[in-house]
file model_23.cif (mmCIF, N, CA and C atoms and all ligand atoms)
data_work
#
loop_
_atom_site.label_atom_id
_atom_site.label_comp_id
_atom_site.auth_asym_id
_atom_site.auth_seq_id
_atom_site.Cartn_x
_atom_site.Cartn_y
_atom_site.Cartn_z
N MET G 1 -1.80 -46.30 -9.30
CA MET G 1 -2.04 -47.49 -8.43
C MET G 1 -2.63 -48.61 -9.29
N SER G 2 -1.85 -49.62 -9.56
CA SER G 2 -2.26 -50.62 -10.54
C SER G 2 -3.42 -51.50 -10.05
N ASP G 3 -3.58 -51.64 -8.72
CA ASP G 3 -4.63 -52.52 -8.21
C ASP G 3 -5.86 -51.73 -7.74
N CYS G 4 -5.96 -50.47 -8.12
CA CYS G 4 -7.07 -49.62 -7.65
C CYS G 4 -8.19 -49.61 -8.69
N ILE G 5 -9.39 -49.98 -8.27
CA ILE G 5 -10.55 -50.04 -9.19
C ILE G 5 -10.80 -48.69 -9.85
N PHE G 6 -10.74 -47.62 -9.06
CA PHE G 6 -11.05 -46.30 -9.64
C PHE G 6 -9.95 -45.82 -10.58
N CYS G 7 -8.69 -46.17 -10.30
CA CYS G 7 -7.63 -45.85 -11.28
C CYS G 7 -7.88 -46.62 -12.58
N LYS G 8 -8.41 -47.83 -12.47
CA LYS G 8 -8.74 -48.61 -13.68
C LYS G 8 -9.90 -47.98 -14.43
N ILE G 9 -10.86 -47.43 -13.72
CA ILE G 9 -11.97 -46.72 -14.37
C ILE G 9 -11.43 -45.49 -15.09
N ILE G 10 -10.54 -44.74 -14.44
CA ILE G 10 -9.93 -43.55 -15.07
C ILE G 10 -9.19 -43.97 -16.35
N ALA G 11 -8.49 -45.09 -16.28
CA ALA G 11 -7.70 -45.56 -17.43
C ALA G 11 -8.57 -46.20 -18.51
N GLY G 12 -9.86 -46.39 -18.23
CA GLY G 12 -10.76 -47.01 -19.21
C GLY G 12 -10.66 -48.53 -19.23
N GLU G 13 -9.96 -49.09 -18.24
CA GLU G 13 -9.80 -50.56 -18.19
C GLU G 13 -11.05 -51.23 -17.61
N ILE G 14 -11.82 -50.47 -16.84
CA ILE G 14 -13.12 -50.95 -16.33
C ILE G 14 -14.16 -49.95 -16.83
N PRO G 15 -15.26 -50.43 -17.43
CA PRO G 15 -16.27 -49.49 -17.96
C PRO G 15 -17.02 -48.77 -16.84
N SER G 16 -17.48 -47.58 -17.16
CA SER G 16 -18.30 -46.83 -16.20
C SER G 16 -19.22 -45.91 -17.00
N THR G 17 -20.28 -45.48 -16.33
CA THR G 17 -21.19 -44.51 -16.94
C THR G 17 -20.73 -43.12 -16.53
N LYS G 18 -19.94 -42.51 -17.38
CA LYS G 18 -19.35 -41.21 -17.06
C LYS G 18 -20.39 -40.11 -17.23
N VAL G 19 -20.36 -39.15 -16.30
CA VAL G 19 -21.23 -37.99 -16.44
C VAL G 19 -20.43 -36.70 -16.60
N TYR G 20 -19.13 -36.76 -16.29
CA TYR G 20 -18.27 -35.57 -16.46
C TYR G 20 -16.81 -36.02 -16.47
N GLU G 21 -16.01 -35.35 -17.28
CA GLU G 21 -14.57 -35.62 -17.27
C GLU G 21 -13.82 -34.38 -17.71
N ASP G 22 -12.74 -34.07 -16.99
CA ASP G 22 -11.78 -33.08 -17.48
C ASP G 22 -10.38 -33.60 -17.15
N ASP G 23 -9.38 -32.72 -17.23
CA ASP G 23 -8.02 -33.22 -17.03
C ASP G 23 -7.75 -33.63 -15.59
N LYS G 24 -8.53 -33.12 -14.63
CA LYS G 24 -8.28 -33.40 -13.20
C LYS G 24 -9.29 -34.32 -12.55
N LEU G 25 -10.54 -34.29 -13.05
CA LEU G 25 -11.64 -34.97 -12.35
C LEU G 25 -12.42 -35.90 -13.27
N LEU G 26 -13.01 -36.93 -12.66
CA LEU G 26 -13.94 -37.80 -13.36
C LEU G 26 -15.16 -38.00 -12.46
N ALA G 27 -16.35 -37.98 -13.07
CA ALA G 27 -17.58 -38.28 -12.34
C ALA G 27 -18.33 -39.36 -13.11
N PHE G 28 -18.83 -40.35 -12.36
CA PHE G 28 -19.53 -41.48 -13.00
C PHE G 28 -20.58 -42.01 -12.04
N ARG G 29 -21.55 -42.75 -12.59
CA ARG G 29 -22.66 -43.27 -11.77
C ARG G 29 -22.18 -44.45 -10.92
N ASP G 30 -22.60 -44.45 -9.65
CA ASP G 30 -22.26 -45.56 -8.76
C ASP G 30 -22.92 -46.84 -9.27
N ILE G 31 -22.18 -47.94 -9.23
CA ILE G 31 -22.67 -49.22 -9.75
C ILE G 31 -23.81 -49.78 -8.87
N ASN G 32 -23.86 -49.33 -7.62
CA ASN G 32 -24.86 -49.83 -6.67
C ASN G 32 -25.55 -48.63 -6.00
N PRO G 33 -26.40 -47.94 -6.78
CA PRO G 33 -26.91 -46.65 -6.29
C PRO G 33 -27.74 -46.74 -5.02
N GLN G 34 -27.49 -45.80 -4.12
CA GLN G 34 -28.20 -45.72 -2.83
C GLN G 34 -29.32 -44.68 -2.88
N ALA G 35 -29.47 -44.03 -4.01
CA ALA G 35 -30.50 -42.99 -4.19
C ALA G 35 -30.73 -42.88 -5.70
N PRO G 36 -31.84 -42.24 -6.12
CA PRO G 36 -32.11 -42.12 -7.57
C PRO G 36 -30.95 -41.47 -8.33
N VAL G 37 -30.30 -40.49 -7.71
CA VAL G 37 -29.06 -39.94 -8.29
C VAL G 37 -27.93 -40.31 -7.33
N HIS G 38 -26.97 -41.06 -7.81
CA HIS G 38 -25.80 -41.43 -7.00
C HIS G 38 -24.58 -41.40 -7.93
N ILE G 39 -23.86 -40.30 -7.82
CA ILE G 39 -22.70 -40.06 -8.68
C ILE G 39 -21.45 -40.05 -7.81
N LEU G 40 -20.38 -40.65 -8.31
CA LEU G 40 -19.08 -40.60 -7.63
C LEU G 40 -18.20 -39.58 -8.35
N ILE G 41 -17.57 -38.72 -7.59
CA ILE G 41 -16.65 -37.73 -8.16
C ILE G 41 -15.26 -38.03 -7.62
N ILE G 42 -14.31 -38.20 -8.53
CA ILE G 42 -12.96 -38.60 -8.10
C ILE G 42 -11.90 -37.74 -8.79
N PRO G 43 -10.78 -37.52 -8.09
CA PRO G 43 -9.65 -36.90 -8.77
C PRO G 43 -8.94 -37.94 -9.63
N LYS G 44 -8.37 -37.52 -10.74
CA LYS G 44 -7.63 -38.47 -11.59
C LYS G 44 -6.30 -38.87 -10.95
N THR G 45 -5.79 -38.02 -10.07
CA THR G 45 -4.61 -38.41 -9.29
C THR G 45 -5.07 -39.30 -8.14
N HIS G 46 -4.35 -40.38 -7.89
CA HIS G 46 -4.73 -41.29 -6.80
C HIS G 46 -4.30 -40.71 -5.45
N TYR G 47 -5.28 -40.53 -4.56
CA TYR G 47 -5.03 -40.29 -3.13
C TYR G 47 -5.87 -41.33 -2.42
N ASP G 48 -5.33 -41.94 -1.38
CA ASP G 48 -6.08 -42.98 -0.68
C ASP G 48 -7.39 -42.44 -0.08
N SER G 49 -7.34 -41.24 0.45
CA SER G 49 -8.52 -40.62 1.09
C SER G 49 -8.16 -39.19 1.41
N VAL G 50 -9.05 -38.50 2.10
CA VAL G 50 -8.76 -37.15 2.61
C VAL G 50 -7.47 -37.15 3.43
N ASN G 51 -7.20 -38.26 4.12
CA ASN G 51 -5.99 -38.34 4.96
C ASN G 51 -4.71 -38.19 4.16
N ALA G 52 -4.76 -38.43 2.87
CA ALA G 52 -3.54 -38.37 2.05
C ALA G 52 -3.32 -36.98 1.45
N LEU G 53 -4.25 -36.04 1.70
CA LEU G 53 -4.11 -34.71 1.12
C LEU G 53 -3.15 -33.85 1.93
N ASP G 54 -2.52 -32.90 1.25
CA ASP G 54 -1.69 -31.91 1.93
C ASP G 54 -2.06 -30.53 1.39
N GLU G 55 -1.32 -29.52 1.79
CA GLU G 55 -1.70 -28.16 1.40
C GLU G 55 -1.66 -27.99 -0.12
N LYS G 56 -0.77 -28.72 -0.77
CA LYS G 56 -0.65 -28.57 -2.22
C LYS G 56 -1.80 -29.27 -2.95
N SER G 57 -2.21 -30.45 -2.45
CA SER G 57 -3.22 -31.24 -3.16
C SER G 57 -4.65 -30.94 -2.72
N ALA G 58 -4.83 -30.38 -1.53
CA ALA G 58 -6.18 -30.20 -0.97
C ALA G 58 -7.11 -29.33 -1.83
N PRO G 59 -6.61 -28.36 -2.61
CA PRO G 59 -7.54 -27.58 -3.43
C PRO G 59 -8.38 -28.42 -4.39
N ILE G 60 -7.97 -29.66 -4.67
CA ILE G 60 -8.79 -30.51 -5.54
C ILE G 60 -10.18 -30.72 -4.92
N VAL G 61 -10.25 -30.66 -3.60
CA VAL G 61 -11.55 -30.84 -2.93
C VAL G 61 -12.49 -29.69 -3.28
N ALA G 62 -11.95 -28.49 -3.39
CA ALA G 62 -12.79 -27.35 -3.80
C ALA G 62 -13.30 -27.56 -5.23
N ASP G 63 -12.44 -28.06 -6.10
CA ASP G 63 -12.87 -28.35 -7.48
C ASP G 63 -14.00 -29.38 -7.46
N ILE G 64 -13.87 -30.39 -6.60
CA ILE G 64 -14.88 -31.45 -6.52
C ILE G 64 -16.21 -30.87 -6.00
N MET G 65 -16.14 -29.98 -5.02
CA MET G 65 -17.38 -29.38 -4.48
C MET G 65 -18.10 -28.57 -5.56
N LEU G 66 -17.33 -27.80 -6.33
CA LEU G 66 -17.96 -27.00 -7.39
C LEU G 66 -18.57 -27.90 -8.46
N LEU G 67 -17.88 -28.99 -8.79
CA LEU G 67 -18.43 -29.93 -9.77
C LEU G 67 -19.69 -30.60 -9.21
N ALA G 68 -19.67 -30.94 -7.93
CA ALA G 68 -20.84 -31.57 -7.31
C ALA G 68 -22.06 -30.65 -7.44
N ALA G 69 -21.86 -29.38 -7.17
CA ALA G 69 -22.98 -28.44 -7.25
C ALA G 69 -23.49 -28.33 -8.70
N LYS G 70 -22.56 -28.34 -9.63
CA LYS G 70 -22.94 -28.26 -11.06
C LYS G 70 -23.72 -29.52 -11.48
N LEU G 71 -23.23 -30.68 -11.06
CA LEU G 71 -23.90 -31.94 -11.42
C LEU G 71 -25.26 -32.05 -10.72
N ALA G 72 -25.34 -31.54 -9.49
CA ALA G 72 -26.62 -31.54 -8.78
C ALA G 72 -27.64 -30.74 -9.57
N LYS G 73 -27.23 -29.59 -10.04
CA LYS G 73 -28.13 -28.74 -10.82
C LYS G 73 -28.54 -29.46 -12.11
N GLU G 74 -27.56 -30.02 -12.80
CA GLU G 74 -27.84 -30.72 -14.07
C GLU G 74 -28.79 -31.91 -13.88
N ASN G 75 -28.73 -32.51 -12.68
CA ASN G 75 -29.56 -33.69 -12.41
C ASN G 75 -30.86 -33.33 -11.70
N GLY G 76 -31.16 -32.04 -11.63
CA GLY G 76 -32.45 -31.59 -11.11
C GLY G 76 -32.60 -31.69 -9.61
N LEU G 77 -31.49 -31.65 -8.88
CA LEU G 77 -31.57 -31.82 -7.43
C LEU G 77 -31.82 -30.47 -6.74
N ASP G 78 -32.86 -29.79 -7.21
CA ASP G 78 -33.11 -28.42 -6.75
C ASP G 78 -33.58 -28.36 -5.30
N SER G 79 -34.15 -29.46 -4.80
CA SER G 79 -34.63 -29.42 -3.42
C SER G 79 -33.61 -29.98 -2.44
N GLY G 80 -32.40 -30.25 -2.91
CA GLY G 80 -31.33 -30.63 -1.99
C GLY G 80 -30.65 -31.94 -2.36
N TYR G 81 -29.53 -32.15 -1.73
CA TYR G 81 -28.71 -33.34 -1.99
C TYR G 81 -27.68 -33.47 -0.89
N ARG G 82 -26.90 -34.53 -0.94
CA ARG G 82 -25.88 -34.77 0.09
C ARG G 82 -24.57 -35.14 -0.60
N ILE G 83 -23.47 -34.65 -0.02
CA ILE G 83 -22.12 -35.03 -0.47
C ILE G 83 -21.45 -35.74 0.70
N ILE G 84 -20.91 -36.93 0.42
CA ILE G 84 -20.29 -37.74 1.48
C ILE G 84 -18.92 -38.21 0.99
N THR G 85 -17.95 -38.19 1.90
CA THR G 85 -16.71 -38.92 1.63
C THR G 85 -16.41 -39.81 2.84
N ASN G 86 -16.21 -41.09 2.61
CA ASN G 86 -15.90 -42.03 3.67
C ASN G 86 -14.39 -42.18 3.78
N ILE G 87 -13.91 -42.32 5.01
CA ILE G 87 -12.47 -42.40 5.26
C ILE G 87 -12.18 -43.59 6.16
N GLY G 88 -11.41 -44.53 5.63
CA GLY G 88 -10.96 -45.67 6.43
C GLY G 88 -12.06 -46.68 6.72
N ASP G 89 -11.68 -47.74 7.38
CA ASP G 89 -12.61 -48.85 7.61
C ASP G 89 -13.80 -48.43 8.49
N ASP G 90 -13.55 -47.72 9.57
CA ASP G 90 -14.66 -47.30 10.44
C ASP G 90 -15.55 -46.28 9.75
N GLY G 91 -15.00 -45.57 8.77
CA GLY G 91 -15.80 -44.61 8.00
C GLY G 91 -16.58 -45.27 6.88
N GLY G 92 -16.36 -46.58 6.69
CA GLY G 92 -17.09 -47.30 5.65
C GLY G 92 -16.49 -47.16 4.26
N GLN G 93 -15.20 -46.82 4.20
CA GLN G 93 -14.55 -46.66 2.89
C GLN G 93 -14.15 -48.03 2.35
N THR G 94 -14.74 -48.41 1.22
CA THR G 94 -14.42 -49.72 0.62
C THR G 94 -13.45 -49.59 -0.55
N VAL G 95 -13.44 -48.44 -1.21
CA VAL G 95 -12.50 -48.21 -2.32
C VAL G 95 -11.51 -47.15 -1.86
N LYS G 96 -10.25 -47.52 -1.81
CA LYS G 96 -9.22 -46.64 -1.22
C LYS G 96 -8.64 -45.68 -2.26
N HIS G 97 -9.53 -45.01 -2.96
CA HIS G 97 -9.18 -43.90 -3.87
C HIS G 97 -10.15 -42.78 -3.50
N LEU G 98 -9.63 -41.63 -3.12
CA LEU G 98 -10.47 -40.51 -2.68
C LEU G 98 -11.67 -40.34 -3.61
N HIS G 99 -12.86 -40.33 -3.03
CA HIS G 99 -14.07 -40.11 -3.83
C HIS G 99 -15.14 -39.46 -2.98
N PHE G 100 -15.99 -38.72 -3.66
CA PHE G 100 -17.12 -38.05 -3.02
C PHE G 100 -18.40 -38.58 -3.65
N HIS G 101 -19.33 -39.00 -2.80
CA HIS G 101 -20.65 -39.45 -3.26
C HIS G 101 -21.56 -38.23 -3.36
N LEU G 102 -22.23 -38.09 -4.48
CA LEU G 102 -23.29 -37.09 -4.64
C LEU G 102 -24.60 -37.85 -4.69
N LEU G 103 -25.44 -37.63 -3.67
CA LEU G 103 -26.68 -38.40 -3.51
C LEU G 103 -27.89 -37.46 -3.51
N GLY G 104 -28.92 -37.85 -4.23
CA GLY G 104 -30.14 -37.04 -4.22
C GLY G 104 -31.24 -37.67 -5.04
N GLY G 105 -32.31 -36.90 -5.19
CA GLY G 105 -33.46 -37.38 -5.95
C GLY G 105 -34.52 -38.00 -5.07
N VAL G 106 -34.30 -37.94 -3.76
CA VAL G 106 -35.24 -38.48 -2.77
C VAL G 106 -34.95 -37.75 -1.46
N LYS G 107 -35.92 -37.75 -0.54
CA LYS G 107 -35.66 -37.18 0.79
C LYS G 107 -34.74 -38.15 1.52
N LEU G 108 -33.53 -37.72 1.81
CA LEU G 108 -32.52 -38.60 2.39
C LEU G 108 -32.73 -38.73 3.90
N SER G 109 -32.23 -39.84 4.43
CA SER G 109 -32.33 -40.09 5.87
C SER G 109 -31.67 -38.96 6.65
N GLU G 110 -32.27 -38.62 7.79
CA GLU G 110 -31.66 -37.60 8.65
C GLU G 110 -30.57 -38.19 9.52
N LYS G 111 -30.47 -39.53 9.51
CA LYS G 111 -29.42 -40.18 10.30
C LYS G 111 -28.08 -39.97 9.64
N MET G 112 -27.08 -39.67 10.40
CA MET G 112 -25.73 -39.50 9.88
C MET G 112 -24.89 -40.75 10.11
N ALA G 113 -25.24 -41.54 11.09
CA ALA G 113 -24.41 -42.71 11.42
C ALA G 113 -25.28 -43.80 12.04
P1 LIG G 201 -17.12 -46.25 -0.38
O1 LIG G 201 -17.89 -47.35 0.32
O2 LIG G 201 -15.66 -46.61 -0.53
O3 LIG G 201 -17.32 -44.87 0.18
O4 LIG G 201 -17.75 -46.16 -1.83
C1 LIG G 201 -17.35 -46.94 -2.90
C2 LIG G 201 -18.46 -46.90 -3.90
O5 LIG G 201 -17.94 -47.36 -5.13
C3 LIG G 201 -19.64 -47.79 -3.55
O6 LIG G 201 -20.81 -47.00 -3.47
C4 LIG G 201 -19.69 -48.81 -4.68
O7 LIG G 201 -21.00 -49.13 -5.08
C5 LIG G 201 -18.93 -48.10 -5.80
N1 LIG G 201 -18.23 -48.97 -6.72
C6 LIG G 201 -17.41 -50.00 -6.39
N2 LIG G 201 -16.91 -50.58 -7.50
C7 LIG G 201 -17.44 -49.90 -8.55
C8 LIG G 201 -17.30 -50.03 -9.96
O8 LIG G 201 -16.59 -50.89 -10.49
N3 LIG G 201 -18.01 -49.14 -10.74
C9 LIG G 201 -18.79 -48.18 -10.19
N4 LIG G 201 -19.44 -47.37 -11.03
N5 LIG G 201 -18.93 -48.04 -8.86
C10 LIG G 201 -18.28 -48.88 -8.05
ZN ZN G 202 -6.74 -45.07 -7.54
#
call {"tool": "encode", "arguments": {"input": "model_23.cif", "output": "structure tokens"}}
result
Amino acid sequence: MSDCIFCKIIAGEIPSTKVYEDDKLLAFRDINPQAPVHILIIPKTHYDSVNALDEKSAPIVADIMLLAAKLAKENGLDSGYRIITNIGDDGGQTVKHLHFHLLGGVKLSEKMA
């Protein structure tokens, strides 16, 4: 997707603070952190959101969950953290490339919406 910010980050056309990379996934620090630790985890393949996944592609979400737990541990989030994915305009999704927020380092709000 040539006009997608996160595809540009994957391609190295936009700089980012990377915390993990392999052939399928990239994790980098959010430019506007909402918590002391705020990492975005994205698949290198472009999917607009969870809505674009199918049975073949959905296992990438399991890979992302395992990476989130690993990064949480590496970042000292032993007392807990939150994983969020926003979908569509009402879900607050501003970047239309599937991504999961890993948030922690503070007692997070109990409000969900
Ligand atoms: P959304 O609102 O779509 O769930 O989350 C998009 C996130 O991407 C936001 O938290 C926003 O701060 C972050 N973001 C947007 N553009 C950039 C960028 O160019 N670099 C980084 N590191 N984060 C970005
Ligand atoms: Zn993309």
call {"tool": "residues_around", "arguments": {"input": "model_23.cif", "residues": "Ile87 of chain G", "least_positions_apart": "3", "cutoff": "6.5 Å", "atoms": "only N, CA and C atoms", "output": "JSON, numbers by chain"}}
result
{"G": [49, 50, 90, 91, 92, 93]}
call {"tool": "residues_near_ligand", "arguments": {"input": "model_23.cif", "ligand": "ligand LIG 201 (chain G)", "cutoff": "9 Å", "atoms": "only C-alpha atoms and all ligand atoms", "output": "JSON, numbers by chain"}}
result
{"G": [5, 6, 8, 9, 14, 15, 16, 17, 18, 28, 29, 30, 31, 32, 33, 34, 38, 39, 40, 84, 85, 86, 87, 88, 89, 91, 92, 93, 94, 95, 96, 97, 98, 99, 100, 101]}
call {"tool": "closest_residue", "arguments": {"input": "model_23.cif", "among": "G:Pro43, G:Gly76, G:Gly105, G:Pro59", "to": "ligand ZN 202 (chain G)", "atoms": "only C-alpha atoms and all ligand atoms"}}
result
G:Pro43
call {"tool": "select_by_dssp", "arguments": {"input": "model_23.cif", "residues": "chain G", "states": "alpha helix (DSSP H)", "output": "MDAnalysis selection string"}}
result
chainID G and resid 5:11 59:74
call {"tool": "closest_residue", "arguments": {"input": "model_23.cif", "among": "G:Lys56, G:Lys24, G:His46, G:Lys70", "to": "ligand ZN 202 (chain G)", "atoms": "all atoms listed in the file"}}
result
G:His46
call {"tool": "atom_distance", "arguments": {"input": "model_23.cif", "atom1": "atom CA of Val37 of chain G", "atom2": "atom C of Asn75 of chain G"}}
result
7.7 Å
